[in-house]
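Asker: One structure, as structure tokens, below. Some questions next.
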Amino acid sequence: MEERKKKIIAGSLTLVVFVFFCGLYWQNHKEVTTAGNLSTQEYTVGVIDLKQAMQAHPRYNDLVKLRKERNTLAAAAAVKTDFNLVNPPPIVDSQAFDDSVKQQSSQQIEENKNKLRQTVLERRRTLNASVVTQREADLEAVREKYLNVIFNLQLQYDNLKANNEVKQQLAAAIEAERQKRNQELDAVNRQYDKNVQMSLQSFIEQKQKEQQAFEATLLQQKQQEAAANRQQAQNRDDQAMKDQTMPFSVDDIMQKNEALTDKDKEITVLEDLINKDIAGIAAKFAITNHLECVFANVEINIHALDITDDVIKEFQATKQIPKNE
């Protein structure tokens with residue numbers, strides 16, 4: 001019930017915003033609209049279900065694919081960060097090892113590290129899976145917040161033929177709304193990533209302590225076995241520590257994050273393209289049916305012409321993406 005109230009309030013606010021743009025549309029077309037037309041026109045307002053229209057768009061499957069690729073990239077970037085947290089080993093007494101003892105202990109240490117890495121990885125997957133539904137819901141809420149505004153601004157822009165000052169103002173308003181939307185989407189993703197990392201941090205620290213305890217116990221056992229060859233073991237361990245590197249470099253992590261950012265931009269571009277295509281077709285039907293305004297995803301009860309099926313049939317008939325100027 002609370003969610004429905006929010007949607008009704010949002011729809012009411014959207015209606016107030018578009019009263020202004022409907023006035024602009026009416027002013028632009030009043031010279032070609034006669035009193036007789038108005039008296040016989042059954043509908044002056046149209047509505048469209050953007051979700052259904054988007055799903056009918058020829059590029060909608062591409063959008064779904066991009067979103068799945070984005071989730072894969074996000075998981076890969078997070079795994080790299082976690083491995084860097086657990087991989088650096090505690091400082092050990094290298095004098096405790098000779099050739100054979102060092103080989104045996106190193107193998108046991110590495111095997112235990114691999115188990116801990118897998119445990120941390122599974123923990124992160126569990127945490128991400130636990131919030132994936134709510135994360136997508138929050139992201140969708142941000143998209144919904146700006147969907148009507150951007151769509152109807154685009155519709156008004158398409159309906160204005162002359163490149164006048166009003167059209168320039170509409171273009172600037174569209175770009176401003178898209179930037180605000182993208183900033184809010186980034187903020188949602190950053191907050192969820194931060195929350196997951198905070199939840200995982202104590203688990204990682206516990207596993208690091210377990211790794212250190214394991215190595216300390218192993219060290220104590222091997223010290224007795226390697227007492228006769230301390231110096232030789234020290235030299236070998238010094239070299240081994242120099243050769244030891246982090247499994248993933250800072251550059252690797254930066255590249256993954258950059259790829260994730262690029263994928264987000266790619267998703268945004270395709271979403272905007274689909275919405276623009278829908279707005280173009282909706283504008284055509286609005287003109288054909290002499291509609292003054294078209295509202296998207298309206299929750300309130302208004303007397304309006306639903307053009308959703310017309311837009312969907314247009315996509316199904318053409319089987320191609322409309323060309324935008």
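Following the order of the structure tokens, chains are lettered A, B, ..., residues in each are numbered from 1, and ligands are numbered from 1.
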Any idea what's packed within 8 Å of range 46-48 of chain A, counting only C-alpha atoms, ignoring anything in its chain fewer than 3 positions away? Could you give it as a count of residues only?
Answerer: 16
Asker: Using only C-alpha atoms, determine which residues lie at most 9 Å from range 266-279 of chain A, disregarding the query and same-chain residues fewer than 4 positions distant; provide the list as a VMD selection string.
Answerer: chain A and resid 50 53 to 54 57 to 60 62 to 63 66 to 67 70 147 150 to 152 154 to 155 158 178 182 261 to 262 283 to 284 311 321 to 324
Asker: Identify which of the residues A:Ser202, A:Thr217, A:Asn61, A:Thr72 lies closest to Asn257 in chain A, counting only C-alpha atoms when measuring atom-to-atom distances.
Answerer: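 Smallest separation from Asn257 in chain A among the options: A:Thr72.
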Asker: Give me, please, the distance in Å between CA of Lys209 in chain A and CA of Asn114 in chain A, quoted to one decimal.
Answerer: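 Straight-line distance from CA of Lys209 in chain A to CA of Asn114 in chain A works out to 14.8 Å.
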